[in-house]
$ cat structure31.pdb   # PDB, C-alpha atoms
MODEL        1
ATOM      1  CA  MET A   1     -50.674 -15.680 -15.118
ATOM      2  CA  MET A   2     -51.608 -19.176 -13.973
ATOM      3  CA  ARG A   3     -52.744 -17.778 -10.608
ATOM      4  CA  ARG A   4     -54.919 -15.219 -12.368
ATOM      5  CA  LEU A   5     -56.422 -17.906 -14.633
ATOM      6  CA  ALA A   6     -57.144 -20.192 -11.682
ATOM      7  CA  ALA A   7     -58.698 -17.365  -9.698
ATOM      8  CA  THR A   8     -60.827 -16.320 -12.655
ATOM      9  CA  LEU A   9     -62.117 -19.858 -13.160
ATOM     10  CA  LEU A  10     -62.906 -20.230  -9.469
ATOM     11  CA  LEU A  11     -64.593 -16.879  -9.178
ATOM     12  CA  ALA A  12     -66.622 -17.423 -12.320
ATOM     13  CA  GLY A  13     -68.959 -19.375 -10.091
ATOM     14  CA  LEU A  14     -69.885 -16.324  -8.013
ATOM     15  CA  PRO A  15     -73.538 -15.280  -8.193
ATOM     16  CA  LEU A  16     -74.502 -13.391 -11.324
ATOM     17  CA  ILE A  17     -75.508 -10.409  -9.241
ATOM     18  CA  ALA A  18     -71.861  -9.936  -8.338
ATOM     19  CA  GLN A  19     -71.055  -9.919 -12.027
ATOM     20  CA  ALA A  20     -73.749  -7.302 -12.538
ATOM     21  CA  GLY A  21     -72.044  -5.134  -9.949
ATOM     22  CA  HIS A  22     -68.923  -5.247 -12.088
ATOM     23  CA  GLY A  23     -70.744  -4.077 -15.197
ATOM     24  CA  LEU A  24     -70.081  -4.930 -18.809
ATOM     25  CA  ILE A  25     -68.062  -1.785 -19.451
ATOM     26  CA  ASN A  26     -64.915  -1.066 -17.461
ATOM     27  CA  SER A  27     -65.407   2.397 -15.979
ATOM     28  CA  PHE A  28     -61.641   2.675 -15.448
ATOM     29  CA  ALA A  29     -60.657   2.224 -19.091
ATOM     30  CA  GLY A  30     -57.888   4.604 -20.053
ATOM     31  CA  ILE A  31     -56.917   5.722 -16.544
ATOM     32  CA  GLU A  32     -53.376   6.747 -15.711
ATOM     33  CA  TRP A  33     -51.681   3.711 -14.169
ATOM     34  CA  LEU A  34     -49.030   3.765 -11.461
ATOM     35  CA  PRO A  35     -45.815   5.575 -12.373
ATOM     36  CA  GLU A  36     -42.620   3.621 -12.812
ATOM     37  CA  PRO A  37     -41.061   3.579  -9.328
ATOM     38  CA  GLY A  38     -37.597   5.003  -8.918
ATOM     39  CA  MET A  39     -36.002   4.444  -5.544
ATOM     40  CA  THR A  40     -37.818   2.340  -2.977
ATOM     41  CA  PRO A  41     -37.458   2.120   0.823
ATOM     42  CA  ARG A  42     -34.812  -0.556   0.377
ATOM     43  CA  ASP A  43     -32.584   2.030  -1.360
ATOM     44  CA  PHE A  44     -30.216   4.202   0.662
ATOM     45  CA  GLY A  45     -31.375   7.487  -0.889
ATOM     46  CA  TRP A  46     -35.110   6.893  -0.544
ATOM     47  CA  ARG A  47     -35.621   9.043   2.558
ATOM     48  CA  ALA A  48     -33.537  11.844   1.076
ATOM     49  CA  ASP A  49     -35.746  11.659  -2.007
ATOM     50  CA  CYS A  50     -38.822  12.018   0.205
ATOM     51  CA  TRP A  51     -37.269  15.047   1.922
ATOM     52  CA  MET A  52     -36.704  16.667  -1.463
ATOM     53  CA  GLU A  53     -40.390  16.210  -2.173
ATOM     54  CA  GLU A  54     -41.180  18.077   1.044
ATOM     55  CA  LEU A  55     -39.098  20.990  -0.229
ATOM     56  CA  GLN A  56     -41.166  20.993  -3.418
ATOM     57  CA  VAL A  57     -44.331  21.226  -1.336
ATOM     58  CA  LEU A  58     -42.914  24.090   0.718
ATOM     59  CA  ALA A  59     -42.148  25.950  -2.507
ATOM     60  CA  ALA A  60     -45.693  25.485  -3.872
ATOM     61  CA  SER A  61     -47.648  28.718  -4.100
ATOM     62  CA  THR A  62     -51.268  27.536  -3.897
ATOM     63  CA  PRO A  63     -53.244  24.790  -2.136
ATOM     64  CA  GLU A  64     -54.117  23.388  -5.558
ATOM     65  CA  ASP A  65     -50.419  23.057  -6.363
ATOM     66  CA  ILE A  66     -49.817  21.307  -3.048
ATOM     67  CA  VAL A  67     -52.660  18.870  -3.686
ATOM     68  CA  ALA A  68     -51.288  18.093  -7.149
ATOM     69  CA  LEU A  69     -47.789  17.463  -5.756
ATOM     70  CA  ARG A  70     -49.093  15.335  -2.904
ATOM     71  CA  GLN A  71     -51.235  13.240  -5.249
ATOM     72  CA  ALA A  72     -48.238  12.562  -7.496
ATOM     73  CA  GLN A  73     -46.162  11.667  -4.434
ATOM     74  CA  ALA A  74     -48.892   9.369  -3.119
ATOM     75  CA  MET A  75     -49.078   7.446  -6.381
ATOM     76  CA  GLU A  76     -45.298   7.144  -6.419
ATOM     77  CA  ARG A  77     -45.337   5.684  -2.892
ATOM     78  CA  LEU A  78     -48.042   3.244  -3.967
ATOM     79  CA  ALA A  79     -45.999   2.249  -7.012
ATOM     80  CA  GLU A  80     -43.001   1.635  -4.762
ATOM     81  CA  ALA A  81     -45.081  -0.549  -2.460
ATOM     82  CA  VAL A  82     -46.427  -2.602  -5.362
ATOM     83  CA  ARG A  83     -42.915  -3.042  -6.762
ATOM     84  CA  LEU A  84     -41.596  -4.342  -3.429
ATOM     85  CA  VAL A  85     -44.544  -6.667  -2.971
ATOM     86  CA  LYS A  86     -43.939  -7.920  -6.506
ATOM     87  CA  ASP A  87     -40.395  -8.698  -5.369
ATOM     88  CA  ASP A  88     -41.879 -10.578  -2.383
ATOM     89  CA  GLU A  89     -40.565  -7.988   0.088
ATOM     90  CA  ALA A  90     -43.650  -7.091   2.103
ATOM     91  CA  SER A  91     -41.670  -5.801   5.077
ATOM     92  CA  ALA A  92     -39.646  -3.447   2.894
ATOM     93  CA  ALA A  93     -42.908  -2.125   1.428
ATOM     94  CA  GLN A  94     -44.239  -0.978   4.813
ATOM     95  CA  PRO A  95     -42.533   2.469   4.823
ATOM     96  CA  ALA A  96     -43.923   3.188   1.353
ATOM     97  CA  ILE A  97     -47.415   2.119   2.426
ATOM     98  CA  ALA A  98     -47.196   4.301   5.548
ATOM     99  CA  ALA A  99     -45.944   7.236   3.459
ATOM    100  CA  TYR A 100     -48.821   6.686   1.007
ATOM    101  CA  ALA A 101     -51.361   6.924   3.828
ATOM    102  CA  ALA A 102     -49.609  10.026   5.197
ATOM    103  CA  ARG A 103     -49.773  11.755   1.809
ATOM    104  CA  LEU A 104     -53.506  11.083   1.643
ATOM    105  CA  GLU A 105     -53.951  12.707   5.052
ATOM    106  CA  ASP A 106     -51.916  15.708   3.910
ATOM    107  CA  ILE A 107     -54.118  16.091   0.835
ATOM    108  CA  ALA A 108     -57.280  15.938   2.937
ATOM    109  CA  ALA A 109     -55.949  18.673   5.231
ATOM    110  CA  THR A 110     -54.900  20.879   2.317
ATOM    111  CA  MET A 111     -58.268  20.418   0.620
ATOM    112  CA  GLU A 112     -59.809  22.648   3.289
ATOM    113  CA  ASP A 113     -57.488  25.492   2.219
ATOM    114  CA  ILE A 114     -58.831  25.517  -1.332
ATOM    115  CA  ALA A 115     -61.338  28.288  -2.027
ATOM    116  CA  SER A 116     -64.901  27.067  -1.568
ATOM    117  CA  GLU A 117     -65.872  27.687  -5.207
ATOM    118  CA  ALA A 118     -63.069  25.381  -6.383
ATOM    119  CA  ARG A 119     -63.154  22.829  -3.590
ATOM    120  CA  THR A 120     -65.898  20.591  -4.974
ATOM    121  CA  ALA A 121     -64.049  20.036  -8.245
ATOM    122  CA  ALA A 122     -60.854  19.314  -6.299
ATOM    123  CA  ARG A 123     -62.695  16.831  -4.057
ATOM    124  CA  LEU A 124     -64.165  15.045  -7.060
ATOM    125  CA  ALA A 125     -60.790  14.785  -8.759
ATOM    126  CA  PHE A 126     -59.152  13.463  -5.601
ATOM    127  CA  ALA A 127     -61.997  11.024  -4.974
ATOM    128  CA  ALA A 128     -61.675   9.726  -8.530
ATOM    129  CA  ARG A 129     -57.939   9.181  -8.096
ATOM    130  CA  LEU A 130     -58.538   7.338  -4.826
ATOM    131  CA  LEU A 131     -60.936   4.982  -6.586
ATOM    132  CA  GLU A 132     -58.394   4.506  -9.354
ATOM    133  CA  ALA A 133     -55.692   3.638  -6.823
ATOM    134  CA  GLN A 134     -57.915   0.983  -5.247
ATOM    135  CA  TYR A 135     -58.795  -0.426  -8.643
ATOM    136  CA  ILE A 136     -55.163  -0.547  -9.743
ATOM    137  CA  VAL A 137     -54.094  -2.457  -6.628
ATOM    138  CA  SER A 138     -56.970  -4.909  -6.893
ATOM    139  CA  THR A 139     -56.205  -5.471 -10.588
ATOM    140  CA  GLU A 140     -52.503  -6.076  -9.952
ATOM    141  CA  TYR A 141     -53.239  -8.177  -6.869
ATOM    142  CA  LEU A 142     -53.685 -11.645  -8.356
ATOM    143  CA  ASP A 143     -50.364 -11.441 -10.190
ATOM    144  CA  LEU A 144     -48.442 -10.625  -6.999
ATOM    145  CA  PRO A 145     -46.801 -13.180  -4.665
ATOM    146  CA  ARG A 146     -49.483 -14.570  -2.371
ATOM    147  CA  THR A 147     -47.155 -14.433   0.647
ATOM    148  CA  ALA A 148     -46.560 -10.683   0.284
ATOM    149  CA  ARG A 149     -49.581  -9.126  -1.411
ATOM    150  CA  THR A 150     -51.798  -8.957   1.681
ATOM    151  CA  ALA A 151     -49.611  -6.057   2.866
ATOM    152  CA  LEU A 152     -51.288  -3.944   0.183
ATOM    153  CA  ALA A 153     -54.627  -4.263   1.972
ATOM    154  CA  GLN A 154     -53.394  -1.460   4.243
ATOM    155  CA  ALA A 155     -52.976   0.821   1.239
ATOM    156  CA  VAL A 156     -56.425  -0.079  -0.083
ATOM    157  CA  GLU A 157     -57.947   0.632   3.321
ATOM    158  CA  ALA A 158     -56.156   3.994   3.537
ATOM    159  CA  ALA A 159     -57.473   4.937   0.087
ATOM    160  CA  ARG A 160     -60.978   3.749   0.964
ATOM    161  CA  ALA A 161     -61.050   5.746   4.217
ATOM    162  CA  ALA A 162     -59.737   8.873   2.479
ATOM    163  CA  TYR A 163     -62.309   8.400  -0.272
ATOM    164  CA  LEU A 164     -65.216   8.256   2.159
ATOM    165  CA  VAL A 165     -64.051  11.505   3.794
ATOM    166  CA  GLN A 166     -63.961  13.282   0.424
ATOM    167  CA  ARG A 167     -67.253  11.793  -0.739
ATOM    168  CA  ALA A 168     -69.255  12.784   2.324
ATOM    169  CA  PRO A 169     -69.507  16.573   1.670
ATOM    170  CA  LEU A 170     -70.403  16.119  -2.005
ATOM    171  CA  SER A 171     -73.893  16.722  -3.310
ATOM    172  CA  ARG A 172     -76.092  13.745  -4.059
ATOM    173  CA  HIS A 173     -75.609  14.345  -7.784
ATOM    174  CA  ASP A 174     -71.832  14.321  -7.443
ATOM    175  CA  GLN A 175     -71.912  11.217  -5.248
ATOM    176  CA  GLU A 176     -74.065   9.411  -7.802
ATOM    177  CA  SER A 177     -71.580  10.309 -10.544
ATOM    178  CA  LEU A 178     -69.057   8.081  -8.761
ATOM    179  CA  PHE A 179     -71.389   5.096  -8.376
ATOM    180  CA  PHE A 180     -70.191   2.912 -11.258
ATOM    181  CA  ARG A 181     -66.562   3.309 -10.284
ATOM    182  CA  GLU A 182     -67.404   2.502  -6.669
ATOM    183  CA  GLU A 183     -69.071  -0.707  -7.812
ATOM    184  CA  GLU A 184     -66.144  -1.602 -10.052
ATOM    185  CA  VAL A 185     -63.748  -1.157  -7.123
ATOM    186  CA  ARG A 186     -65.963  -3.145  -4.777
ATOM    187  CA  TRP A 187     -66.261  -6.045  -7.220
ATOM    188  CA  SER A 188     -62.565  -6.055  -8.100
ATOM    189  CA  TRP A 189     -61.432  -5.989  -4.477
ATOM    190  CA  GLU A 190     -63.908  -8.717  -3.530
ATOM    191  CA  GLN A 191     -62.314 -10.884  -6.232
ATOM    192  CA  ALA A 192     -58.894 -10.239  -4.729
ATOM    193  CA  GLN A 193     -60.061 -11.092  -1.212
ATOM    194  CA  ALA A 194     -61.837 -14.205  -2.445
ATOM    195  CA  ALA A 195     -58.616 -15.366  -4.075
ATOM    196  CA  ASP A 196     -56.810 -14.951  -0.742
ATOM    197  CA  ALA A 197     -59.559 -16.854   1.060
ATOM    198  CA  GLN A 198     -59.205 -19.711  -1.433
ATOM    199  CA  GLY A 199     -55.405 -19.718  -1.145
ATOM    200  CA  LEU A 200     -54.905 -18.771  -4.798
TER     201      LEU A 200
ENDMDL
END

$ encode --input "structure31.pdb" --output "C-alpha cells"
Amino acid sequence: MMRRLAATLLLAGLPLIAQAGHGLINSFAGIEWLPEPGMTPRDFGWRADCWMEELQVLAASTPEDIVALRQAQAMERLAEAVRLVKDDEASAAQPAIAAYAARLEDIAATMEDIASEARTAARLAFAARLLEAQYIVSTEYLDLPRTARTALAQAVEAARAAYLVQRAPLSRHDQESLFFREEEVRWSWEQAQAADAQGL
C-alpha cells in the first residue's frame, strides 16, 4: 500500500490532460475480476490440468463454446501469472504468461469459425474482455513486487495485440463504443510504467 500511495503522489503531478484521459467515471466499474488461481506452473499437476482443459475444448460443440472455454482458460492463466508475480516468482510465471498468449491466439483463430451474423457480437465481447484484462493487470501492478512485476508486461502486450486484431474489422460505431475503456487502459498502464521508470 505504501508503494501505491507513493506512486499516486508522484503521478499526481502529471499534466491534467492525462487525468482527463482517465475520466471521472471508471468505465470498468463492476467488471469480473481475475478468478482465484488453483494450480500454478510451480505445481506438479499444472500441465495435466492444462491438458484436461484441451479435452474440454475438443468436446465443445460450437465455435462459441470454444471461445467461451478459451476465454475462461486465458483469464485463469493470467490469474496464475499474477499470483506468481505477487509471490516474487517471475520466472515461474513465464509458462502461465506464454499459455495466456497462446489462448488468445486460439480464440482469434476460432473467431473466424463463428457465423458471420454472430461474429461481430463475439468480437466485441472478446475485445471488451481483453481491455478488462489489461486494466486488471495495470490496477494490480503497483501492489506487486517491483523486481517481478515487469514480467506481466508480456501479458499486457499479448492482450493489446489481440485487442487490435479484434478491433480492426469492427465498424466505426462499434470501435467508438470502446473508446472510453481504451483511454482508461492507456492511462492506467501509463501510470504503471511511470512507476517503474521512477523506481517505485

$ closest_residue --input "structure31.pdb" --among "A:Leu200, A:Ile31, A:Ala115, A:Ala148" --to "Ala92 in chain A" --atoms "all atoms listed in the file"
A:Ala148

$ resolve_selection --input "structure31.pdb" --expression "the PyMOL selection byres ((chain A and resi 54-65) around 8)" --output "list in words"
Cys50, Trp51, Met52, Glu53, Ile66, Val67, Ala68, Leu69, Arg70, Thr110, Met111, Asp113, Ile114 and Ala122 of chain A

$ write_last_selection --input "structure31.pdb" --atoms "C-alpha atoms" --output "CSV table (one decimal), keeping the file's coordinate frame"
chain,number,residue,atom,x,y,z
A,50,CYS,CA,-38.8,12.0,0.2
A,51,TRP,CA,-37.3,15.0,1.9
A,52,MET,CA,-36.7,16.7,-1.5
A,53,GLU,CA,-40.4,16.2,-2.2
A,66,ILE,CA,-49.8,21.3,-3.0
A,67,VAL,CA,-52.7,18.9,-3.7
A,68,ALA,CA,-51.3,18.1,-7.1
A,69,LEU,CA,-47.8,17.5,-5.8
A,70,ARG,CA,-49.1,15.3,-2.9
A,110,THR,CA,-54.9,20.9,2.3
A,111,MET,CA,-58.3,20.4,0.6
A,113,ASP,CA,-57.5,25.5,2.2
A,114,ILE,CA,-58.8,25.5,-1.3
A,122,ALA,CA,-60.9,19.3,-6.3

$ closest_residue --input "structure31.pdb" --among "A:Ser91, A:Asn26, A:Gln73, A:Thr120" --to "Arg167 in chain A" --atoms "all atoms listed in the file"
A:Thr120

$ closest_residue --input "structure31.pdb" --among "A:Pro145, A:Ala161, A:Ala29, A:Arg77" --to "Arg47 in chain A" --atoms "only C-alpha atoms"
A:Arg77

$ resolve_selection --input "structure31.pdb" --expression "the PyMOL selection byres ((chain A and resi 132) around 10)" --output "PDB file with C-alpha atoms, in the frame of the given file"
ATOM      1  CA  SER A  27     -65.407   2.397 -15.979  1.00  0.00           C
ATOM      2  CA  PHE A  28     -61.641   2.675 -15.448  1.00  0.00           C
ATOM      3  CA  ILE A  31     -56.917   5.722 -16.544  1.00  0.00           C
ATOM      4  CA  GLU A  32     -53.376   6.747 -15.711  1.00  0.00           C
ATOM      5  CA  TRP A  33     -51.681   3.711 -14.169  1.00  0.00           C
ATOM      6  CA  LEU A  34     -49.030   3.765 -11.461  1.00  0.00           C
ATOM      7  CA  PHE A 126     -59.152  13.463  -5.601  1.00  0.00           C
ATOM      8  CA  ALA A 127     -61.997  11.024  -4.974  1.00  0.00           C
ATOM      9  CA  ALA A 128     -61.675   9.726  -8.530  1.00  0.00           C
ATOM     10  CA  ARG A 129     -57.939   9.181  -8.096  1.00  0.00           C
ATOM     11  CA  LEU A 130     -58.538   7.338  -4.826  1.00  0.00           C
ATOM     12  CA  LEU A 131     -60.936   4.982  -6.586  1.00  0.00           C
ATOM     13  CA  ALA A 133     -55.692   3.638  -6.823  1.00  0.00           C
ATOM     14  CA  GLN A 134     -57.915   0.983  -5.247  1.00  0.00           C
ATOM     15  CA  TYR A 135     -58.795  -0.426  -8.643  1.00  0.00           C
ATOM     16  CA  ILE A 136     -55.163  -0.547  -9.743  1.00  0.00           C
ATOM     17  CA  VAL A 137     -54.094  -2.457  -6.628  1.00  0.00           C
ATOM     18  CA  SER A 138     -56.970  -4.909  -6.893  1.00  0.00           C
ATOM     19  CA  ALA A 159     -57.473   4.937   0.087  1.00  0.00           C
ATOM     20  CA  ARG A 181     -66.562   3.309 -10.284  1.00  0.00           C
ATOM     21  CA  GLU A 182     -67.404   2.502  -6.669  1.00  0.00           C
ATOM     22  CA  GLU A 184     -66.144  -1.602 -10.052  1.00  0.00           C
ATOM     23  CA  VAL A 185     -63.748  -1.157  -7.123  1.00  0.00           C
TER      24      VAL A 185
END

$ atom_distance --input "structure31.pdb" --atom1 "CA of Pro41 in chain A" --atom2 "CA of Pro95 in chain A"
6.5 Å
